[in-house]
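J.: Sharing start.pdb here; it has PDB, C-alpha atoms.
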```
ATOM      1  CA  MET A 159     158.518  95.661 -30.935
ATOM      2  CA  PRO A 160     160.321  98.191 -33.189
ATOM      3  CA  ASN A 161     162.838  98.962 -30.411
ATOM      4  CA  TYR A 162     163.432  95.245 -29.867
ATOM      5  CA  LEU A 163     164.098  94.728 -33.588
ATOM      6  CA  THR A 164     166.433  97.698 -33.626
ATOM      7  CA  PHE A 165     168.423  96.168 -30.764
ATOM      8  CA  LEU A 166     168.656  92.816 -32.605
ATOM      9  CA  GLN A 167     169.704  94.535 -35.802
ATOM     10  CA  ARG A 168     172.432  96.454 -34.032
ATOM     11  CA  ALA A 169     173.660  93.333 -32.247
ATOM     12  CA  THR A 170     173.706  91.366 -35.511
ATOM     13  CA  PHE A 171     175.598  94.193 -37.206
ATOM     14  CA  LEU A 172     178.231  94.241 -34.441
ATOM     15  CA  ILE A 173     178.646  90.470 -34.627
ATOM     16  CA  LEU A 174     179.166  90.680 -38.384
ATOM     17  CA  ILE A 175     181.817  93.364 -37.892
ATOM     18  CA  VAL A 176     183.665  91.205 -35.355
ATOM     19  CA  LEU A 177     183.469  88.108 -37.578
ATOM     20  CA  THR A 178     184.633  90.021 -40.642
ATOM     21  CA  THR A 179     187.544  91.533 -38.739
ATOM     22  CA  THR A 180     188.552  88.152 -37.293
ATOM     23  CA  ILE A 181     188.386  86.380 -40.659
ATOM     24  CA  GLY A 182     190.336  89.152 -42.344
ATOM     25  CA  TYR A 183     192.996  89.040 -39.599
ATOM     26  CA  ALA A 184     193.366  85.275 -39.995
ATOM     27  CA  GLN A 185     193.797  85.647 -43.733
ATOM     28  CA  THR A 186     196.477  88.344 -43.538
ATOM     29  CA  ARG A 187     198.517  87.232 -40.524
ATOM     30  CA  TYR A 188     201.594  85.231 -41.600
ATOM     31  CA  THR A 189     201.327  86.459 -45.195
ATOM     32  CA  GLN A 190     201.258  90.240 -44.681
ATOM     33  CA  LYS A 191     202.705  92.635 -42.118
ATOM     34  CA  VAL A 192     200.134  93.119 -39.376
ATOM     35  CA  PHE A 193     202.362  94.470 -36.588
ATOM     36  CA  SER A 194     204.853  97.299 -36.260
ATOM     37  CA  ASP A 195     206.139  97.272 -32.679
ATOM     38  CA  ILE A 196     208.655  94.393 -32.536
ATOM     39  CA  LYS A 197     210.701  93.480 -29.474
ATOM     40  CA  VAL A 198     213.986  91.550 -29.427
ATOM     41  CA  LYS A 199     215.363  89.591 -26.483
ATOM     42  CA  THR A 200     218.749  87.834 -26.411
ATOM     43  CA  TYR A 201     219.187  84.454 -24.714
ATOM     44  CA  SER A 202     222.203  82.239 -24.081
ATOM     45  CA  TYR A 203     221.104  78.804 -25.246
ATOM     46  CA  ALA A 204     224.354  76.850 -24.701
ATOM     47  CA  ASP A 205     227.584  78.000 -23.056
ATOM     48  CA  THR A 206     228.457  81.304 -24.767
ATOM     49  CA  LEU A 207     226.171  80.723 -27.765
ATOM     50  CA  LYS A 208     223.305  83.190 -28.061
ATOM     51  CA  LEU A 209     220.130  83.696 -30.020
ATOM     52  CA  ASP A 210     217.928  86.733 -30.603
ATOM     53  CA  PHE A 211     214.179  86.193 -30.261
ATOM     54  CA  TYR A 212     211.872  88.533 -32.214
ATOM     55  CA  SER A 213     208.168  88.911 -31.469
ATOM     56  CA  TYR A 214     205.318  91.424 -31.292
ATOM     57  CA  LYS A 215     205.118  93.121 -27.895
ATOM     58  CA  LYS A 216     201.373  92.779 -27.346
ATOM     59  CA  ASP A 217     200.603  89.625 -29.308
ATOM     60  CA  THR A 218     197.873  87.482 -27.734
ATOM     61  CA  VAL A 219     198.320  84.490 -30.063
ATOM     62  CA  THR A 220     200.030  81.685 -28.139
ATOM     63  CA  ASN A 221     200.566  79.056 -30.861
ATOM     64  CA  LYS A 222     202.286  80.973 -33.645
ATOM     65  CA  PRO A 223     204.837  79.314 -35.955
ATOM     66  CA  LEU A 224     208.517  79.716 -35.092
ATOM     67  CA  LEU A 225     211.245  80.468 -37.627
ATOM     68  CA  ILE A 226     214.848  79.687 -36.634
ATOM     69  CA  LEU A 227     217.389  81.517 -38.816
ATOM     70  CA  VAL A 228     220.936  80.160 -39.279
ATOM     71  CA  HIS A 229     223.337  82.662 -40.861
ATOM     72  CA  GLY A 230     226.009  81.994 -43.483
ATOM     73  CA  GLY A 231     229.732  82.666 -43.528
ATOM     74  CA  GLY A 232     231.596  79.509 -44.502
ATOM     75  CA  PHE A 233     231.447  78.200 -40.918
ATOM     76  CA  SER A 234     234.180  80.716 -40.090
ATOM     77  CA  GLY A 235     232.337  84.037 -40.052
ATOM     78  CA  GLY A 236     228.961  85.731 -40.254
ATOM     79  CA  LYS A 237     226.727  86.861 -37.415
ATOM     80  CA  ARG A 238     223.162  86.293 -36.295
ATOM     81  CA  ASN A 239     222.613  90.063 -36.130
ATOM     82  CA  ASN A 240     224.066  91.351 -39.387
ATOM     83  CA  PRO A 241     221.837  93.895 -41.192
ATOM     84  CA  LEU A 242     220.361  91.347 -43.635
ATOM     85  CA  GLU A 243     219.495  88.946 -40.836
ATOM     86  CA  ILE A 244     217.962  91.674 -38.656
ATOM     87  CA  LYS A 245     215.840  93.041 -41.489
ATOM     88  CA  PHE A 246     214.582  89.559 -42.389
ATOM     89  CA  CYS A 247     213.728  88.694 -38.780
ATOM     90  CA  GLU A 248     211.904  91.975 -38.222
ATOM     91  CA  ASP A 249     209.948  91.544 -41.456
ATOM     92  CA  MET A 250     208.777  88.040 -40.562
ATOM     93  CA  ALA A 251     207.997  89.001 -36.957
ATOM     94  CA  LYS A 252     205.807  91.834 -38.253
ATOM     95  CA  ARG A 253     203.797  89.186 -40.107
ATOM     96  CA  GLY A 254     203.040  87.470 -36.798
ATOM     97  CA  TYR A 255     205.746  84.796 -36.673
ATOM     98  CA  ALA A 256     207.966  84.120 -33.718
ATOM     99  CA  VAL A 257     211.535  84.375 -35.053
ATOM    100  CA  ALA A 258     214.879  83.345 -33.578
ATOM    101  CA  SER A 259     218.257  84.180 -35.129
ATOM    102  CA  MET A 260     220.989  81.974 -33.681
ATOM    103  CA  SER A 261     224.751  81.951 -33.396
ATOM    104  CA  TYR A 262     226.664  78.675 -33.626
ATOM    105  CA  ARG A 263     230.228  77.461 -33.174
ATOM    106  CA  LEU A 264     232.394  78.782 -36.028
ATOM    107  CA  VAL A 265     234.567  75.704 -36.088
ATOM    108  CA  ARG A 266     236.474  76.768 -39.222
ATOM    109  CA  LYS A 267     237.352  80.208 -37.881
ATOM    110  CA  GLY A 268     241.115  80.774 -37.869
ATOM    111  CA  ASN A 269     241.761  77.444 -39.585
ATOM    112  CA  SER A 270     244.326  77.868 -42.355
ATOM    113  CA  LEU A 271     242.682  75.082 -44.377
ATOM    114  CA  GLY A 272     239.461  77.087 -44.678
ATOM    115  CA  PHE A 273     236.394  75.216 -45.925
ATOM    116  CA  GLY A 274     237.282  74.805 -49.588
ATOM    117  CA  CYS A 275     239.362  72.282 -51.499
ATOM    118  CA  ASN A 276     242.154  72.162 -48.900
ATOM    119  CA  CYS A 277     239.804  71.210 -46.081
ATOM    120  CA  PRO A 278     239.687  67.391 -45.815
ATOM    121  CA  ALA A 279     236.315  65.879 -46.627
ATOM    122  CA  ASP A 280     235.983  64.245 -43.210
ATOM    123  CA  GLN A 281     236.459  67.634 -41.546
ATOM    124  CA  LYS A 282     233.680  69.040 -43.710
ATOM    125  CA  ILE A 283     231.341  66.318 -42.442
ATOM    126  CA  GLU A 284     232.438  67.011 -38.858
ATOM    127  CA  THR A 285     231.660  70.704 -39.428
ATOM    128  CA  PHE A 286     228.171  69.938 -40.732
ATOM    129  CA  VAL A 287     227.486  67.690 -37.731
ATOM    130  CA  SER A 288     228.813  70.299 -35.301
ATOM    131  CA  VAL A 289     226.445  73.002 -36.520
ATOM    132  CA  SER A 290     223.502  70.592 -36.639
ATOM    133  CA  ARG A 291     224.204  69.858 -32.977
ATOM    134  CA  ASP A 292     223.978  73.573 -32.177
ATOM    135  CA  ILE A 293     220.757  73.931 -34.158
ATOM    136  CA  ILE A 294     219.204  71.072 -32.192
ATOM    137  CA  LYS A 295     220.390  72.595 -28.890
ATOM    138  CA  ALA A 296     218.903  75.976 -29.820
ATOM    139  CA  THR A 297     215.659  74.317 -30.886
ATOM    140  CA  GLN A 298     215.347  72.382 -27.628
ATOM    141  CA  PHE A 299     216.130  75.515 -25.614
ATOM    142  CA  LEU A 300     213.302  77.349 -27.364
ATOM    143  CA  ILE A 301     210.878  74.443 -26.994
ATOM    144  CA  ASP A 302     211.556  74.406 -23.256
ATOM    145  CA  LYS A 303     210.407  78.052 -23.209
ATOM    146  CA  LYS A 304     207.480  77.597 -25.602
ATOM    147  CA  ASP A 305     204.822  78.750 -23.106
ATOM    148  CA  LYS A 306     206.697  81.936 -22.320
ATOM    149  CA  LEU A 307     207.606  82.604 -25.949
ATOM    150  CA  LYS A 308     204.107  81.688 -27.201
ATOM    151  CA  PHE A 309     204.864  79.512 -30.210
ATOM    152  CA  ASN A 310     203.715  76.113 -31.451
ATOM    153  CA  PRO A 311     206.518  73.503 -31.136
ATOM    154  CA  GLU A 312     204.884  71.530 -33.948
ATOM    155  CA  SER A 313     205.293  74.474 -36.346
ATOM    156  CA  ILE A 314     209.042  75.124 -36.314
ATOM    157  CA  ILE A 315     210.618  76.099 -39.644
ATOM    158  CA  LEU A 316     214.381  76.200 -40.167
ATOM    159  CA  VAL A 317     215.802  78.902 -42.451
ATOM    160  CA  GLY A 318     219.455  79.035 -43.502
ATOM    161  CA  SER A 319     221.815  80.913 -45.820
ATOM    162  CA  SER A 320     224.889  79.344 -47.495
ATOM    163  CA  ALA A 321     226.736  77.515 -44.684
ATOM    164  CA  GLY A 322     223.563  77.954 -42.641
ATOM    165  CA  ALA A 323     221.547  76.494 -45.521
ATOM    166  CA  GLU A 324     223.793  73.436 -45.642
ATOM    167  CA  ALA A 325     223.368  73.169 -41.881
ATOM    168  CA  VAL A 326     219.565  73.319 -41.829
ATOM    169  CA  LEU A 327     219.175  70.921 -44.754
ATOM    170  CA  ASN A 328     221.541  68.383 -43.216
ATOM    171  CA  THR A 329     219.848  68.744 -39.828
ATOM    172  CA  VAL A 330     216.471  67.899 -41.332
ATOM    173  CA  PHE A 331     217.304  65.298 -43.962
ATOM    174  CA  MET A 332     220.441  63.510 -42.694
ATOM    175  CA  LYS A 333     219.134  62.544 -39.249
ATOM    176  CA  ASN A 334     219.268  58.809 -40.091
ATOM    177  CA  GLU A 335     222.842  58.905 -41.440
ATOM    178  CA  TYR A 336     225.203  57.329 -38.906
ATOM    179  CA  THR A 337     227.223  60.483 -38.094
ATOM    180  CA  PHE A 338     224.097  62.620 -37.645
ATOM    181  CA  LYS A 339     222.152  59.841 -35.946
ATOM    182  CA  LYS A 340     224.192  60.401 -32.786
ATOM    183  CA  LEU A 341     222.805  63.922 -32.357
ATOM    184  CA  PRO A 342     220.244  64.606 -29.585
ATOM    185  CA  TYR A 343     217.168  64.997 -31.781
ATOM    186  CA  ALA A 344     214.967  63.520 -29.024
ATOM    187  CA  THR A 345     211.368  64.276 -30.069
ATOM    188  CA  ILE A 346     212.204  67.363 -32.146
ATOM    189  CA  LYS A 347     210.384  67.459 -35.482
ATOM    190  CA  TYR A 348     210.617  70.349 -37.902
ATOM    191  CA  ALA A 349     207.568  71.395 -39.903
ATOM    192  CA  GLY A 350     209.447  72.980 -42.801
ATOM    193  CA  VAL A 351     212.863  74.053 -44.065
ATOM    194  CA  ILE A 352     213.958  76.988 -46.253
ATOM    195  CA  SER A 353     217.389  77.096 -47.888
ATOM    196  CA  PHE A 354     219.273  79.971 -49.516
ATOM    197  CA  ALA A 355     221.925  78.286 -51.719
ATOM    198  CA  GLY A 356     222.343  75.098 -49.708
ATOM    199  CA  ALA A 357     223.107  71.407 -50.254
ATOM    200  CA  ILE A 358     223.168  68.140 -48.333
ATOM    201  CA  VAL A 359     225.608  65.275 -47.956
ATOM    202  CA  ASN A 360     223.381  62.677 -49.589
ATOM    203  CA  ALA A 361     219.864  63.120 -50.992
ATOM    204  CA  ASN A 362     219.233  59.380 -50.668
ATOM    205  CA  TYR A 363     218.534  60.045 -46.992
ATOM    206  CA  ILE A 364     215.453  62.050 -47.976
ATOM    207  CA  THR A 365     212.663  59.558 -47.415
ATOM    208  CA  LYS A 366     208.974  59.605 -46.636
ATOM    209  CA  ASN A 367     209.954  59.643 -42.960
ATOM    210  CA  THR A 368     212.326  62.607 -43.207
ATOM    211  CA  ALA A 369     210.780  64.650 -46.031
ATOM    212  CA  ILE A 370     209.003  67.870 -45.027
ATOM    213  CA  PRO A 371     207.792  70.938 -46.965
ATOM    214  CA  THR A 372     210.898  72.561 -48.415
ATOM    215  CA  MET A 373     211.683  75.864 -50.121
ATOM    216  CA  LEU A 374     214.951  76.141 -52.054
ATOM    217  CA  PHE A 375     216.561  79.244 -53.554
ATOM    218  CA  HIS A 376     219.602  78.696 -55.784
ATOM    219  CA  GLY A 377     221.569  80.003 -58.745
ATOM    220  CA  ALA A 378     222.353  77.338 -61.346
ATOM    221  CA  LYS A 379     225.892  78.703 -61.812
ATOM    222  CA  ASP A 380     226.844  78.567 -58.144
ATOM    223  CA  ASN A 381     230.525  77.506 -58.050
ATOM    224  CA  MET A 382     230.686  77.033 -54.269
ATOM    225  CA  VAL A 383     227.596  75.079 -53.247
ATOM    226  CA  PRO A 384     226.345  72.864 -56.094
ATOM    227  CA  TYR A 385     222.980  73.634 -57.645
ATOM    228  CA  ALA A 386     222.440  69.965 -58.575
ATOM    229  CA  THR A 387     224.910  67.150 -57.780
ATOM    230  CA  ALA A 388     228.565  68.108 -57.986
ATOM    231  CA  PRO A 389     231.739  68.477 -55.899
ATOM    232  CA  HIS A 390     231.589  71.048 -53.111
ATOM    233  CA  HIS A 391     233.452  74.202 -54.279
ATOM    234  CA  LEU A 392     233.936  72.329 -57.580
ATOM    235  CA  CYS A 393     237.033  70.698 -56.062
ATOM    236  CA  GLU A 394     239.000  68.302 -58.254
ATOM    237  CA  GLU A 395     238.927  64.645 -57.301
ATOM    238  CA  ASN A 396     242.550  64.621 -56.147
ATOM    239  CA  LYS A 397     242.005  67.449 -53.648
ATOM    240  CA  PRO A 398     241.539  66.761 -49.908
ATOM    241  CA  GLY A 399     238.255  68.683 -49.922
ATOM    242  CA  PHE A 400     236.665  66.656 -52.697
ATOM    243  CA  ILE A 401     233.173  65.671 -51.594
ATOM    244  CA  ILE A 402     230.014  65.285 -53.644
ATOM    245  CA  LEU A 403     227.002  67.220 -52.383
ATOM    246  CA  ASP A 404     223.399  67.235 -53.556
ATOM    247  CA  GLY A 405     222.082  70.751 -54.118
ATOM    248  CA  SER A 406     218.675  72.333 -54.503
ATOM    249  CA  TYR A 407     217.774  70.863 -57.905
ATOM    250  CA  THR A 408     218.574  67.307 -56.783
ATOM    251  CA  ILE A 409     216.692  67.806 -53.512
ATOM    252  CA  ALA A 410     213.651  69.118 -55.404
ATOM    253  CA  GLU A 411     213.730  66.103 -57.729
ATOM    254  CA  LYS A 412     213.801  63.753 -54.751
ATOM    255  CA  LEU A 413     210.896  65.533 -53.050
ATOM    256  CA  GLU A 414     208.887  65.404 -56.263
ATOM    257  CA  LYS A 415     209.365  61.627 -56.469
ATOM    258  CA  LEU A 416     208.174  61.361 -52.878
ATOM    259  CA  ASP A 417     205.179  63.621 -53.652
ATOM    260  CA  VAL A 418     206.114  66.126 -50.924
ATOM    261  CA  ALA A 419     205.418  69.863 -51.022
ATOM    262  CA  HIS A 420     208.358  71.921 -52.257
ATOM    263  CA  THR A 421     209.168  75.115 -54.108
ATOM    264  CA  LEU A 422     212.402  75.578 -56.069
ATOM    265  CA  VAL A 423     213.262  79.198 -56.904
ATOM    266  CA  SER A 424     215.866  78.933 -59.649
ATOM    267  CA  ASP A 425     218.014  81.499 -61.465
ATOM    268  CA  LYS A 426     219.699  79.870 -64.490
ATOM    269  CA  ASP A 427     222.394  82.570 -64.551
ATOM    270  CA  GLY A 428     222.666  83.025 -60.797
ATOM    271  CA  ASN A 429     225.756  82.378 -58.690
ATOM    272  CA  HIS A 430     226.375  82.125 -54.944
ATOM    273  CA  ASN A 431     224.833  85.581 -54.485
ATOM    274  CA  TRP A 432     221.653  83.582 -53.975
ATOM    275  CA  ALA A 433     222.884  83.002 -50.447
ATOM    276  CA  ASN A 434     221.835  86.603 -49.704
ATOM    277  CA  ILE A 435     219.261  87.574 -52.346
ATOM    278  CA  PRO A 436     216.365  85.579 -50.784
ATOM    279  CA  TYR A 437     216.451  87.700 -47.630
ATOM    280  CA  SER A 438     214.373  90.175 -49.652
ATOM    281  CA  TYR A 439     211.888  87.518 -50.845
ATOM    282  CA  THR A 440     209.863  87.627 -47.647
ATOM    283  CA  ASN A 441     206.490  87.842 -49.435
ATOM    284  CA  LEU A 442     207.211  84.623 -51.337
ATOM    285  CA  ILE A 443     208.613  82.919 -48.244
ATOM    286  CA  ALA A 444     205.563  83.880 -46.182
ATOM    287  CA  LYS A 445     203.290  82.548 -48.942
ATOM    288  CA  PHE A 446     205.152  79.231 -48.981
ATOM    289  CA  ILE A 447     204.969  78.845 -45.205
ATOM    290  CA  THR A 448     201.271  79.689 -45.084
ATOM    291  CA  GLU A 449     200.240  77.371 -47.925
ATOM    292  CA  SER A 450     202.679  74.459 -47.701
ATOM    293  CA  VAL A 451     203.445  74.316 -43.970
ATOM    294  CA  LEU A 452     200.483  75.783 -42.084
ATOM    295  CA  GLU A 453     197.683  74.867 -44.497
ATOM    296  CA  LYS A 454     199.461  71.646 -45.575
ATOM    297  CA  GLN A 455     198.758  72.168 -49.262
ATOM    298  CA  ASN A 456     200.824  69.790 -51.385
ATOM    299  CA  ILE A 457     202.129  72.428 -53.790
ATOM    300  CA  GLN A 458     205.105  71.366 -55.909
ATOM    301  CA  SER A 459     206.520  74.112 -58.088
ATOM    302  CA  THR A 460     209.564  75.598 -59.753
ATOM    303  CA  ILE A 461     209.763  79.368 -60.010
ATOM    304  CA  LYS A 462     212.242  80.684 -62.546
ATOM    305  CA  VAL A 463     213.657  84.106 -61.755
ATOM    306  CA  LYS A 464     216.403  86.341 -63.089
ATOM    307  CA  HIS A 465     218.175  88.624 -60.645
ATOM    308  CA  LYS A 466     220.367  91.456 -61.826
ATOM    309  CA  ASN A 467     223.533  91.562 -59.737
TER     310      ASN A 467
END
```
Can I see the file as structure tokens?
T.:
Amino acid sequence: MPNYLTFLQRATFLILIVLTTTIGYAQTRYTQKVFSDIKVKTYSYADTLKLDFYSYKKDTVTNKPLLILVHGGGFSGGKRNNPLEIKFCEDMAKRGYAVASMSYRLVRKGNSLGFGCNCPADQKIETFVSVSRDIIKATQFLIDKKDKLKFNPESIILVGSSAGAEAVLNTVFMKNEYTFKKLPYATIKYAGVISFAGAIVNANYITKNTAIPTMLFHGAKDNMVPYATAPHHLCEENKPGFIILDGSYTIAEKLEKLDVAHTLVSDKDGNHNWANIPYSYTNLIAKFITESVLEKQNIQSTIKVKHKN
């Protein structure tokens, strides 16, 4: 009998160790770095457009969330694999996420009108729609490979900086506006969206049907992409590029009225540098994704920060 009890005690002890380890792993994955050996593979998702896919080499989890990163650059520059983008993708992949950083058509590249006050408003809308089309194509390409890439197609989060932030926000919230409605959304549904200094064409298109958990980083003194509701690039009304956009503050207000999870990270003295600063806020971003997207907690908050430039 004593030997039998000893065997049971040892077995119980081993089970407790396994359960404790498993529970601890579940609590830290997605919020903390749990991996170190990250692999990157490049795919062509449409014509010459490419994306880099980051993941852990020996990961056995097959339904992890997917982050799709869309870089900034005024729709005329920027790259999916600049140092800030690479560091961010590696950081999030080490937390157990699948991460894709995508290129898109730089439709304003080489255009003498740029993307400011000399660029006609209708061309700005066409630019937004063009990049949304590429985001949808990249998303569908990844979904078609979901079994190989081991992610959950119902847990896709878009992340964008500056031009990329405008692109991801418009892709998510403007899908019922007539120019965006023509895009091949098919059955694609995003689980969350994260914006670094972004804005949308019209916040009235944020409804109960389109609203999803949203994280917004923005400086209140941004003179390029409006923090609240204002002209893009602060263009005067008589300029060709005059178009009113709704920025992070206005989006957050709309989501609050709809009682949808959102976090606004606001710097009252910040400028458009907040297109890049959030790349280093990976702990806060991971916390938002875990609580608001994966655990579906309806957290609505404003976080006031002050960043020294």
J.: Quick one: of A:His420, A:Lys282, A:Lys308, A:His390, who's nearest to Pro223 (chain A), counting only C-alpha atoms?
T.: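 Of the candidates, the smallest distance to Pro223 (chain A) is held by A:Lys308.
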J.: Work out how far CA of Val289 (chain A) is from CA of Val423 (chain A), in Å to one decimal.
T.: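 Taking CA of Val423 (chain A) and CA of Val289 (chain A), their separation equals 25.1 Å.
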J.: List the residues sitting within 10 Å of (206.4, 73.4, -47.6) in the file's frame, using all atoms listed in the file, as a PyMOL selection string.
T.: chain A and resi 315+349-352+369-373+418-421+443+445-458
J.: Tell me which residues the PyMOL selection byres ((chain A and resi 368) around 10) grabs here, as an NGL selection string.
T.: :A and (330-334 or 347-348 or 363-367 or 369-370)
J.: Please enumerate the residues selected by the PyMOL selection byres ((chain A and resi 286) around 9) when evaluated against the supplied file, formatted as number ranges by chain.
T.: A: 233, 281-285, 287-291, 321, 324-325, 328-329, 338, 359
J.: To verify the selection step, state as a list in words which residues the PyMOL selection byres ((chain A and resi 385) around 8) yields on this input.
T.: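 With the PyMOL selection byres ((chain A and resi 385) around 8) on this model, the match is Ala355, Ala357, His376, Gly377, Ala378, Lys379, Asp380, Val383, Pro384, Ala386, Thr387, Ala388, Asp404, Gly405, Ser406, Tyr407 and Thr408 of chain A.
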J.: Quick one: pull the distance between CA of Leu442 (chain A) and CA of Ser353 (chain A), Å, one decimal.
T.: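 It comes out at 13.1 Å.
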J.: For Thr220 (chain A), work out the shell of residues within 8 Å, counting only C-alpha atoms and skipping chain neighbours fewer than 6 positions away, then give it as a ChimeraX atom specification.
T.: /A:305,307-310
J.: Can you save region 259-266 of chain A of the given block to a file, including all heavy atoms and formatted as a short mmCIF file (atom, residue, chain, number, x, y, z; two decimals), in the first residue's frame?
T.:
```cif
data_model
loop_
_atom_site.label_atom_id
_atom_site.label_comp_id
_atom_site.auth_asym_id
_atom_site.auth_seq_id
_atom_site.Cartn_x
_atom_site.Cartn_y
_atom_site.Cartn_z
N SER A 259 3.97 41.54 -42.73
CA SER A 259 4.22 42.94 -43.09
C SER A 259 4.15 43.03 -44.61
O SER A 259 4.91 42.37 -45.32
CB SER A 259 5.60 43.38 -42.59
OG SER A 259 5.83 44.74 -42.88
N MET A 260 3.23 43.86 -45.12
CA MET A 260 2.93 43.85 -46.54
C MET A 260 3.37 45.12 -47.27
O MET A 260 3.37 46.21 -46.72
CB MET A 260 1.43 43.65 -46.76
CG MET A 260 0.56 44.74 -46.14
SD MET A 260 -1.19 44.58 -46.63
CE MET A 260 -1.11 45.26 -48.31
N SER A 261 3.74 44.93 -48.52
CA SER A 261 3.91 46.06 -49.44
C SER A 261 2.58 46.32 -50.13
O SER A 261 1.69 45.47 -50.14
CB SER A 261 4.98 45.74 -50.49
OG SER A 261 6.23 45.52 -49.88
N TYR A 262 2.44 47.50 -50.71
CA TYR A 262 1.24 47.83 -51.48
C TYR A 262 1.63 48.81 -52.58
O TYR A 262 2.75 49.33 -52.61
CB TYR A 262 0.15 48.43 -50.58
CG TYR A 262 0.60 49.61 -49.73
CD1 TYR A 262 0.52 50.92 -50.21
CD2 TYR A 262 1.10 49.42 -48.45
CE1 TYR A 262 0.92 52.00 -49.44
CE2 TYR A 262 1.50 50.48 -47.67
CZ TYR A 262 1.41 51.77 -48.16
OH TYR A 262 1.81 52.83 -47.39
N ARG A 263 0.73 49.04 -53.53
CA ARG A 263 1.04 49.92 -54.64
C ARG A 263 1.21 51.36 -54.15
O ARG A 263 0.29 51.93 -53.54
CB ARG A 263 -0.07 49.85 -55.69
CG ARG A 263 -0.06 48.57 -56.51
CD ARG A 263 -1.32 48.43 -57.32
NE ARG A 263 -2.48 48.22 -56.46
CZ ARG A 263 -3.74 48.35 -56.86
NH1 ARG A 263 -4.00 48.71 -58.10
NH2 ARG A 263 -4.74 48.12 -56.03
N LEU A 264 2.37 51.95 -54.41
CA LEU A 264 2.65 53.33 -54.02
C LEU A 264 2.17 54.24 -55.14
O LEU A 264 2.94 54.77 -55.93
CB LEU A 264 4.15 53.49 -53.75
CG LEU A 264 4.74 52.58 -52.67
CD1 LEU A 264 6.24 52.75 -52.57
CD2 LEU A 264 4.07 52.85 -51.32
N VAL A 265 0.87 54.45 -55.16
CA VAL A 265 0.25 55.12 -56.30
C VAL A 265 0.59 56.60 -56.40
O VAL A 265 0.41 57.21 -57.45
CB VAL A 265 -1.28 54.94 -56.29
CG1 VAL A 265 -1.65 53.49 -56.51
CG2 VAL A 265 -1.88 55.43 -54.97
N ARG A 266 1.14 57.19 -55.33
CA ARG A 266 1.53 58.60 -55.38
C ARG A 266 3.02 58.78 -55.65
O ARG A 266 3.50 59.90 -55.76
CB ARG A 266 1.18 59.30 -54.06
CG ARG A 266 -0.26 59.20 -53.62
CD ARG A 266 -1.24 59.64 -54.68
NE ARG A 266 -1.02 61.01 -55.15
CZ ARG A 266 -1.69 61.57 -56.14
NH1 ARG A 266 -2.59 60.86 -56.80
NH2 ARG A 266 -1.44 62.81 -56.50
#
```
